[in-house]
Amino acid sequence: MDVPKISPAILDAIHDTWLGETIRDSAFLFPTLEAVHFFGLCLLLGAMLLVDLRLVGFVRGPARPMLTFTRLAIAGFAINLLSGIGFFVSNPANYAGNPLFWIKMGLVLLAGLNVAWFELIERGRILALPEGADTPKRAKLVGALSLALWFSVIVLGRFLPVLGVG
Amino acid sequence: MEFLDWLGHSPLGVWVSEYQLAYYGLLAGHAIGMSIVVGIVFILGARILGFSKALPFEVFEQLYRLAWAGFGLNLLTGLLLFAANGRHLIENRPFLLKLTFIALGGLTLWALTRSLRAEPTGFATGGPASARSRSIALLMLLLWTAAIISGRVIAYTIKYV
């Protein structure tokens, strides 16, 4: 499988940063970042689960306080973006050369665009619905797509070591 | 111990440890189950500790079956992963700690559910939780976080056959 070409000079520069060196030189930092990444994953997925299942119609309840949980999802995402950057800078050539990593990043991007679509277009429409009303078809699609994308991101993350390390 | 040795060398144990797709597939399934169980625990805990106070606790009742499904998935994937390397896992302290944290985490989830059902207000209409519910929720969040951490530590301390 082809991967995007990133110049070795750039990867080396990232590799040689203070952060990359610090994470590599410590026996504890990488495992700690992994635990943090799993914590963020649970926060992100738990919050998205509530929001998406509400969109799909599997869970019922007042829209406004349920959709507020996207804030927790964003917090979880921020935790995982930061811990993920930690993994990458500690061994950039490994991740940049791993096709599964790029597929994972592509899916994260799609999931992010899906959240943006939800925030900009669907949220307002759903909050305008009368109490107890069924969500429109398009909102159901956004919710289902979100769940499928985030679960795929998890699967790809766990499969990364098959074509690389970590 | 002899049984775990036998299990590790049985066709099932060998399938999990030698067949890459099975091994990583089980790990991925285990991560998905974790995200469902601990994800629901996290949002419930967040709500009880004061996030999105207008949300009635009753909404979470609709998620318990899903949480059980996630737990079932992790019991199944966990048992299969255990079959491959039970001999070393049973002697691995982080693994034993993880099981303890999960048991205690489950116990606090049960206690929290009971405590919430006994709340005079807020169950159907939204509102703050009692001090007792908040204390249980905090303990529950700590225990499940500890379960995640000890699970990660297994990967760095376990021996393979």
# chains A, B, ... in the order shown; residues from 1 in each chain; ligands from 1
$ interface_residues --of "chain B" --to "chain A" --cutoff "6 Å" --atoms "only C-alpha atoms" --output "list in words"
Tyr24, Ala28, Ser35, Val38, Gly39, Ile40, Ser52, Ala54, Leu55 and Ile149 of chain B
$ write_last_selection --atoms "N, CA and C atoms" --output "PDB file, in the first residue's frame"
ATOM      1  N   TYR B  24      -5.400  -9.517  16.811  1.00  0.00           N
ATOM      2  CA  TYR B  24      -5.671  -8.078  16.775  1.00  0.00           C
ATOM      3  C   TYR B  24      -7.161  -7.794  16.670  1.00  0.00           C
ATOM      4  N   ALA B  28      -9.112  -5.430  19.175  1.00  0.00           N
ATOM      5  CA  ALA B  28      -9.970  -4.343  18.694  1.00  0.00           C
ATOM      6  C   ALA B  28     -11.365  -4.472  19.299  1.00  0.00           C
ATOM      7  N   SER B  35     -14.842   0.907  25.210  1.00  0.00           N
ATOM      8  CA  SER B  35     -15.347   2.249  24.922  1.00  0.00           C
ATOM      9  C   SER B  35     -16.846   2.334  25.244  1.00  0.00           C
ATOM     10  N   VAL B  38     -16.995   1.690  29.579  1.00  0.00           N
ATOM     11  CA  VAL B  38     -16.390   2.800  30.317  1.00  0.00           C
ATOM     12  C   VAL B  38     -16.918   4.137  29.786  1.00  0.00           C
ATOM     13  N   GLY B  39     -17.241   4.187  28.485  1.00  0.00           N
ATOM     14  CA  GLY B  39     -17.820   5.410  27.929  1.00  0.00           C
ATOM     15  C   GLY B  39     -19.133   5.755  28.621  1.00  0.00           C
ATOM     16  N   ILE B  40     -19.994   4.758  28.791  1.00  0.00           N
ATOM     17  CA  ILE B  40     -21.279   5.002  29.466  1.00  0.00           C
ATOM     18  C   ILE B  40     -21.043   5.365  30.934  1.00  0.00           C
ATOM     19  N   SER B  52     -24.135  18.947  32.553  1.00  0.00           N
ATOM     20  CA  SER B  52     -25.454  18.881  31.893  1.00  0.00           C
ATOM     21  C   SER B  52     -26.570  18.539  32.884  1.00  0.00           C
ATOM     22  N   ALA B  54     -29.461  19.510  33.447  1.00  0.00           N
ATOM     23  CA  ALA B  54     -30.872  19.444  33.050  1.00  0.00           C
ATOM     24  C   ALA B  54     -31.270  18.060  32.542  1.00  0.00           C
ATOM     25  N   LEU B  55     -30.282  17.182  32.381  1.00  0.00           N
ATOM     26  CA  LEU B  55     -30.586  15.850  31.839  1.00  0.00           C
ATOM     27  C   LEU B  55     -31.127  14.932  32.934  1.00  0.00           C
ATOM     28  N   ILE B 149      -5.952   1.822  33.265  1.00  0.00           N
ATOM     29  CA  ILE B 149      -4.496   1.957  33.446  1.00  0.00           C
ATOM     30  C   ILE B 149      -3.862   0.587  33.673  1.00  0.00           C
TER      31      ILE B 149
END
$ residues_around --residues "Phe28 of chain A" --least-positions-apart "5" --cutoff "12 Å" --atoms "only C-alpha atoms" --output "list in words"
Thr22, Ile23, Leu33, Glu34 and Ala35 of chain A; Arg152, Val153 and Tyr156 of chain B
$ write_last_selection --atoms "N, CA and C atoms" --output "PDB file, in the first residue's frame"
ATOM      1  N   THR A  22      12.420  13.199  24.634  1.00  0.00           N
ATOM      2  CA  THR A  22      11.987  12.981  26.022  1.00  0.00           C
ATOM      3  C   THR A  22      11.108  11.728  26.130  1.00  0.00           C
ATOM      4  N   ILE A  23      10.170  11.582  25.181  1.00  0.00           N
ATOM      5  CA  ILE A  23       9.272  10.426  25.238  1.00  0.00           C
ATOM      6  C   ILE A  23      10.046   9.130  24.991  1.00  0.00           C
ATOM      7  N   LEU A  33       1.181   7.770  28.092  1.00  0.00           N
ATOM      8  CA  LEU A  33       0.411   8.377  27.007  1.00  0.00           C
ATOM      9  C   LEU A  33      -0.641   7.397  26.468  1.00  0.00           C
ATOM     10  N   GLU A  34      -0.288   6.115  26.425  1.00  0.00           N
ATOM     11  CA  GLU A  34      -1.250   5.101  25.965  1.00  0.00           C
ATOM     12  C   GLU A  34      -2.463   5.040  26.891  1.00  0.00           C
ATOM     13  N   ALA A  35      -2.195   5.041  28.196  1.00  0.00           N
ATOM     14  CA  ALA A  35      -3.304   4.996  29.164  1.00  0.00           C
ATOM     15  C   ALA A  35      -4.166   6.248  29.005  1.00  0.00           C
TER      16      ALA A  35
ATOM     17  N   ARG B 152      -3.509  -1.392  30.538  1.00  0.00           N
ATOM     18  CA  ARG B 152      -2.379  -0.953  29.709  1.00  0.00           C
ATOM     19  C   ARG B 152      -1.058  -1.506  30.248  1.00  0.00           C
ATOM     20  N   VAL B 153      -0.947  -1.530  31.582  1.00  0.00           N
ATOM     21  CA  VAL B 153       0.311  -1.988  32.185  1.00  0.00           C
ATOM     22  C   VAL B 153       0.559  -3.477  31.882  1.00  0.00           C
ATOM     23  N   TYR B 156       2.984  -4.255  29.207  1.00  0.00           N
ATOM     24  CA  TYR B 156       4.406  -4.007  29.461  1.00  0.00           C
ATOM     25  C   TYR B 156       5.014  -4.957  30.480  1.00  0.00           C
TER      26      TYR B 156
END
$ closest_residue --among "B:Leu75, B:Leu97, B:Ile48, B:Val16" --to "Ile154 of chain B" --atoms "only C-alpha atoms"
B:Leu97
$ residues_around --residues "His15 of chain A" --least-positions-apart "5" --cutoff "7 Å" --atoms "only C-alpha atoms" --output "PyMOL selection string"
chain A and resi 20+89-92
$ select_by_dssp --residues "chain A" --states "helix (DSSP H, G or I)" --output "VMD selection string"
chain A and resid 8 to 15 18 to 25 29 to 56 63 to 67 70 to 90 92 to 96 99 to 127 137 to 163
$ residues_around --residues "Glu21 of chain A" --least-positions-apart "2" --cutoff "12 Å" --atoms "only C-alpha atoms" --output "PyMOL selection string"
chain A and resi 12-19+23-27+29-30+86-92
$ write_last_selection --atoms "N, CA and C atoms" --output "CSV table (one decimal), in the first residue's frame"
chain,number,residue,atom,x,y,z
A,12,ASP,N,12.9,13.4,10.3
A,12,ASP,CA,14.0,13.5,11.2
A,12,ASP,C,14.0,14.7,12.1
A,13,ALA,N,13.5,15.8,11.6
A,13,ALA,CA,13.4,17.0,12.4
A,13,ALA,C,12.4,16.8,13.6
A,14,ILE,N,11.3,16.1,13.2
A,14,ILE,CA,10.3,15.9,14.3
A,14,ILE,C,10.8,14.9,15.3
A,15,HIS,N,11.5,13.9,14.7
A,15,HIS,CA,12.1,12.8,15.6
A,15,HIS,C,13.1,13.5,16.6
A,16,ASP,N,13.9,14.5,16.1
A,16,ASP,CA,14.9,15.0,17.0
A,16,ASP,C,14.5,16.2,17.9
A,17,THR,N,13.2,16.5,17.9
A,17,THR,CA,12.7,17.5,18.8
A,17,THR,C,12.9,17.1,20.2
A,18,TRP,N,12.8,18.1,21.1
A,18,TRP,CA,13.0,17.8,22.5
A,18,TRP,C,11.9,16.8,23.0
A,19,LEU,N,10.6,17.1,22.5
A,19,LEU,CA,9.5,16.2,23.0
A,19,LEU,C,9.7,14.8,22.5
A,23,ILE,N,10.2,11.6,25.2
A,23,ILE,CA,9.3,10.4,25.2
A,23,ILE,C,10.0,9.1,25.0
A,24,ARG,N,11.0,9.2,24.0
A,24,ARG,CA,11.8,8.0,23.7
A,24,ARG,C,12.7,7.6,24.9
A,25,ASP,N,13.2,8.6,25.5
A,25,ASP,CA,14.2,8.3,26.6
A,25,ASP,C,13.6,7.8,27.9
A,26,SER,N,12.3,7.9,28.0
A,26,SER,CA,11.6,7.5,29.3
A,26,SER,C,10.9,6.2,29.1
A,27,ALA,N,11.1,5.3,30.1
A,27,ALA,CA,10.4,4.0,30.1
A,27,ALA,C,8.9,4.2,30.4
A,29,LEU,N,6.9,7.3,29.9
A,29,LEU,CA,6.1,8.3,29.2
A,29,LEU,C,5.2,7.7,28.2
A,30,PHE,N,5.7,6.8,27.3
A,30,PHE,CA,4.9,6.2,26.3
A,30,PHE,C,3.7,5.4,26.8
A,86,GLY,N,2.1,12.9,20.8
A,86,GLY,CA,3.2,12.3,21.6
A,86,GLY,C,3.7,11.1,21.0
A,87,PHE,N,2.8,10.1,20.6
A,87,PHE,CA,3.2,8.9,20.0
A,87,PHE,C,4.0,9.2,18.7
A,88,PHE,N,3.4,10.1,17.9
A,88,PHE,CA,3.9,10.4,16.5
A,88,PHE,C,5.4,10.9,16.6
A,89,VAL,N,5.5,11.9,17.5
A,89,VAL,CA,6.9,12.6,17.5
A,89,VAL,C,7.9,11.6,18.1
A,90,SER,N,7.5,10.6,18.9
A,90,SER,CA,8.5,9.7,19.5
A,90,SER,C,9.0,8.8,18.4
A,91,ASN,N,8.3,8.6,17.3
A,91,ASN,CA,8.7,7.6,16.3
A,91,ASN,C,8.0,8.0,14.9
A,92,PRO,N,8.3,9.2,14.4
A,92,PRO,CA,7.6,9.6,13.2
A,92,PRO,C,7.7,8.7,12.0
$ residues_around --residues "Leu109 of chain A" --least-positions-apart "4" --cutoff "12 Å" --atoms "only C-alpha atoms" --output "CSV table (one decimal) with N, CA and C atoms, in the first residue's frame"
chain,number,residue,atom,x,y,z
A,77,PHE,N,-11.5,14.2,22.5
A,77,PHE,CA,-10.8,14.3,21.3
A,77,PHE,C,-9.5,15.1,21.5
A,81,LEU,N,-5.8,13.8,20.7
A,81,LEU,CA,-5.0,14.5,19.8
A,81,LEU,C,-3.6,14.8,20.4
A,102,TRP,N,-2.4,6.1,8.2
A,102,TRP,CA,-3.0,7.1,7.3
A,102,TRP,C,-4.5,6.9,7.1
A,103,ILE,N,-4.9,5.6,7.1
A,103,ILE,CA,-6.3,5.3,6.9
A,103,ILE,C,-7.1,5.8,8.2
A,104,LYS,N,-6.4,5.5,9.4
A,104,LYS,CA,-7.0,5.9,10.6
A,104,LYS,C,-7.2,7.5,10.6
A,105,MET,N,-6.1,8.2,10.2
A,105,MET,CA,-6.2,9.6,10.2
A,105,MET,C,-7.3,10.1,9.2
A,113,LEU,N,-15.3,16.0,10.2
A,113,LEU,CA,-16.2,16.7,9.3
A,113,LEU,C,-17.7,16.4,9.6
A,114,ASN,N,-17.9,15.2,9.9
A,114,ASN,CA,-19.3,14.8,10.3
A,114,ASN,C,-19.8,15.5,11.5
A,115,VAL,N,-18.9,15.7,12.5
A,115,VAL,CA,-19.2,16.4,13.7
A,115,VAL,C,-19.5,17.9,13.4
A,116,ALA,N,-18.6,18.4,12.5
A,116,ALA,CA,-18.8,19.8,12.1
A,116,ALA,C,-20.1,20.0,11.4
A,146,SER,N,-21.5,8.7,12.3
A,146,SER,CA,-20.5,9.0,13.4
A,146,SER,C,-20.1,7.8,14.2
A,149,LEU,N,-17.9,5.5,12.0
A,149,LEU,CA,-16.5,6.1,11.8
A,149,LEU,C,-15.7,6.0,13.1
A,150,TRP,N,-16.2,6.3,14.3
A,150,TRP,CA,-15.4,6.3,15.5
A,150,TRP,C,-15.1,4.9,15.9
A,153,VAL,N,-12.3,3.8,13.8
A,153,VAL,CA,-11.0,4.5,14.2
A,153,VAL,C,-10.4,3.6,15.3
$ atom_distance --atom1 "atom CA of Val59 of chain B" --atom2 "atom CA of Leu44 of chain B"
9.7 Å
$ residues_around --residues "Val3 of chain A" --least-positions-apart "2" --cutoff "8 Å" --atoms "only C-alpha atoms" --output "list in words"
Met1, Lys5, Ala96, Gly97, Asn98, Pro99 and Trp102 of chain A
$ closest_residue --among "B:Thr157, B:Ser130, B:Thr100, B:Ser115" --to "Leu143 of chain B" --atoms "only C-alpha atoms"
B:Thr100
$ decode --residues "segment 7-39 of chain A" --atoms "N, CA and C atoms" --output "JSON list (two decimals), in the first residue's frame"
[["chain", "number", "residue", "atom", "x", "y", "z"],
["A", 7, "SER", "N", 8.94, 14.08, 3.43],
["A", 7, "SER", "CA", 10.39, 14.10, 3.28],
["A", 7, "SER", "C", 11.08, 13.59, 4.54],
["A", 8, "PRO", "N", 12.07, 12.73, 4.39],
["A", 8, "PRO", "CA", 12.80, 12.19, 5.54],
["A", 8, "PRO", "C", 13.38, 13.29, 6.42],
["A", 9, "ALA", "N", 13.73, 14.43, 5.78],
["A", 9, "ALA", "CA", 14.32, 15.53, 6.56],
["A", 9, "ALA", "C", 13.30, 16.05, 7.57],
["A", 10, "ILE", "N", 12.02, 16.13, 7.14],
["A", 10, "ILE", "CA", 10.98, 16.61, 8.06],
["A", 10, "ILE", "C", 10.76, 15.60, 9.18],
["A", 11, "LEU", "N", 10.69, 14.31, 8.80],
["A", 11, "LEU", "CA", 10.50, 13.27, 9.82],
["A", 11, "LEU", "C", 11.65, 13.26, 10.81],
["A", 12, "ASP", "N", 12.87, 13.44, 10.30],
["A", 12, "ASP", "CA", 14.04, 13.49, 11.19],
["A", 12, "ASP", "C", 13.96, 14.67, 12.15],
["A", 13, "ALA", "N", 13.52, 15.80, 11.60],
["A", 13, "ALA", "CA", 13.43, 17.01, 12.43],
["A", 13, "ALA", "C", 12.42, 16.79, 13.56],
["A", 14, "ILE", "N", 11.28, 16.14, 13.21],
["A", 14, "ILE", "CA", 10.27, 15.86, 14.25],
["A", 14, "ILE", "C", 10.85, 14.88, 15.28],
["A", 15, "HIS", "N", 11.53, 13.86, 14.75],
["A", 15, "HIS", "CA", 12.14, 12.83, 15.59],
["A", 15, "HIS", "C", 13.12, 13.45, 16.60],
["A", 16, "ASP", "N", 13.88, 14.47, 16.14],
["A", 16, "ASP", "CA", 14.94, 15.04, 16.97],
["A", 16, "ASP", "C", 14.45, 16.16, 17.89],
["A", 17, "THR", "N", 13.16, 16.46, 17.88],
["A", 17, "THR", "CA", 12.67, 17.51, 18.78],
["A", 17, "THR", "C", 12.85, 17.08, 20.24],
["A", 18, "TRP", "N", 12.82, 18.08, 21.12],
["A", 18, "TRP", "CA", 12.96, 17.81, 22.55],
["A", 18, "TRP", "C", 11.86, 16.84, 23.01],
["A", 19, "LEU", "N", 10.64, 17.08, 22.53],
["A", 19, "LEU", "CA", 9.51, 16.24, 22.95],
["A", 19, "LEU", "C", 9.72, 14.78, 22.53],
["A", 20, "GLY", "N", 10.10, 14.59, 21.26],
["A", 20, "GLY", "CA", 10.32, 13.24, 20.76],
["A", 20, "GLY", "C", 11.38, 12.52, 21.57],
["A", 21, "GLU", "N", 12.46, 13.23, 21.83],
["A", 21, "GLU", "CA", 13.57, 12.64, 22.57],
["A", 21, "GLU", "C", 13.15, 12.29, 24.01],
["A", 22, "THR", "N", 12.42, 13.20, 24.63],
["A", 22, "THR", "CA", 11.99, 12.98, 26.02],
["A", 22, "THR", "C", 11.11, 11.73, 26.13],
["A", 23, "ILE", "N", 10.17, 11.58, 25.18],
["A", 23, "ILE", "CA", 9.27, 10.43, 25.24],
["A", 23, "ILE", "C", 10.05, 9.13, 24.99],
["A", 24, "ARG", "N", 10.97, 9.17, 24.02],
["A", 24, "ARG", "CA", 11.77, 7.98, 23.72],
["A", 24, "ARG", "C", 12.67, 7.57, 24.88],
["A", 25, "ASP", "N", 13.23, 8.57, 25.55],
["A", 25, "ASP", "CA", 14.21, 8.29, 26.60],
["A", 25, "ASP", "C", 13.58, 7.80, 27.90],
["A", 26, "SER", "N", 12.26, 7.93, 28.02],
["A", 26, "SER", "CA", 11.62, 7.53, 29.27],
["A", 26, "SER", "C", 10.93, 6.18, 29.10],
["A", 27, "ALA", "N", 11.07, 5.35, 30.11],
["A", 27, "ALA", "CA", 10.39, 4.05, 30.05],
["A", 27, "ALA", "C", 8.91, 4.21, 30.39],
["A", 28, "PHE", "N", 8.55, 5.33, 31.02],
["A", 28, "PHE", "CA", 7.19, 5.49, 31.53],
["A", 28, "PHE", "C", 6.29, 6.35, 30.65],
["A", 29, "LEU", "N", 6.89, 7.32, 29.93],
["A", 29, "LEU", "CA", 6.06, 8.30, 29.22],
["A", 29, "LEU", "C", 5.17, 7.66, 28.15],
["A", 30, "PHE", "N", 5.72, 6.78, 27.32],
["A", 30, "PHE", "CA", 4.92, 6.20, 26.25],
["A", 30, "PHE", "C", 3.74, 5.38, 26.80],
["A", 31, "PRO", "N", 4.00, 4.47, 27.75],
["A", 31, "PRO", "CA", 2.86, 3.74, 28.34],
["A", 31, "PRO", "C", 1.85, 4.67, 29.00],
["A", 32, "THR", "N", 2.34, 5.74, 29.64],
["A", 32, "THR", "CA", 1.42, 6.69, 30.27],
["A", 32, "THR", "C", 0.55, 7.37, 29.21],
["A", 33, "LEU", "N", 1.18, 7.77, 28.09],
["A", 33, "LEU", "CA", 0.41, 8.38, 27.01],
["A", 33, "LEU", "C", -0.64, 7.40, 26.47],
["A", 34, "GLU", "N", -0.29, 6.11, 26.42],
["A", 34, "GLU", "CA", -1.25, 5.10, 25.96],
["A", 34, "GLU", "C", -2.46, 5.04, 26.89],
["A", 35, "ALA", "N", -2.20, 5.04, 28.20],
["A", 35, "ALA", "CA", -3.30, 5.00, 29.16],
["A", 35, "ALA", "C", -4.17, 6.25, 29.01],
["A", 36, "VAL", "N", -3.52, 7.40, 28.82],
["A", 36, "VAL", "CA", -4.25, 8.65, 28.62],
["A", 36, "VAL", "C", -5.08, 8.57, 27.34],
["A", 37, "HIS", "N", -4.50, 7.98, 26.28],
["A", 37, "HIS", "CA", -5.20, 7.83, 24.99],
["A", 37, "HIS", "C", -6.45, 6.96, 25.16],
["A", 38, "PHE", "N", -6.35, 5.92, 25.97],
["A", 38, "PHE", "CA", -7.50, 5.04, 26.22],
["A", 38, "PHE", "C", -8.57, 5.76, 27.04],
["A", 39, "PHE", "N", -8.11, 6.57, 27.99],
["A", 39, "PHE", "CA", -9.04, 7.36, 28.81],
["A", 39, "PHE", "C", -9.81, 8.33, 27.90]]
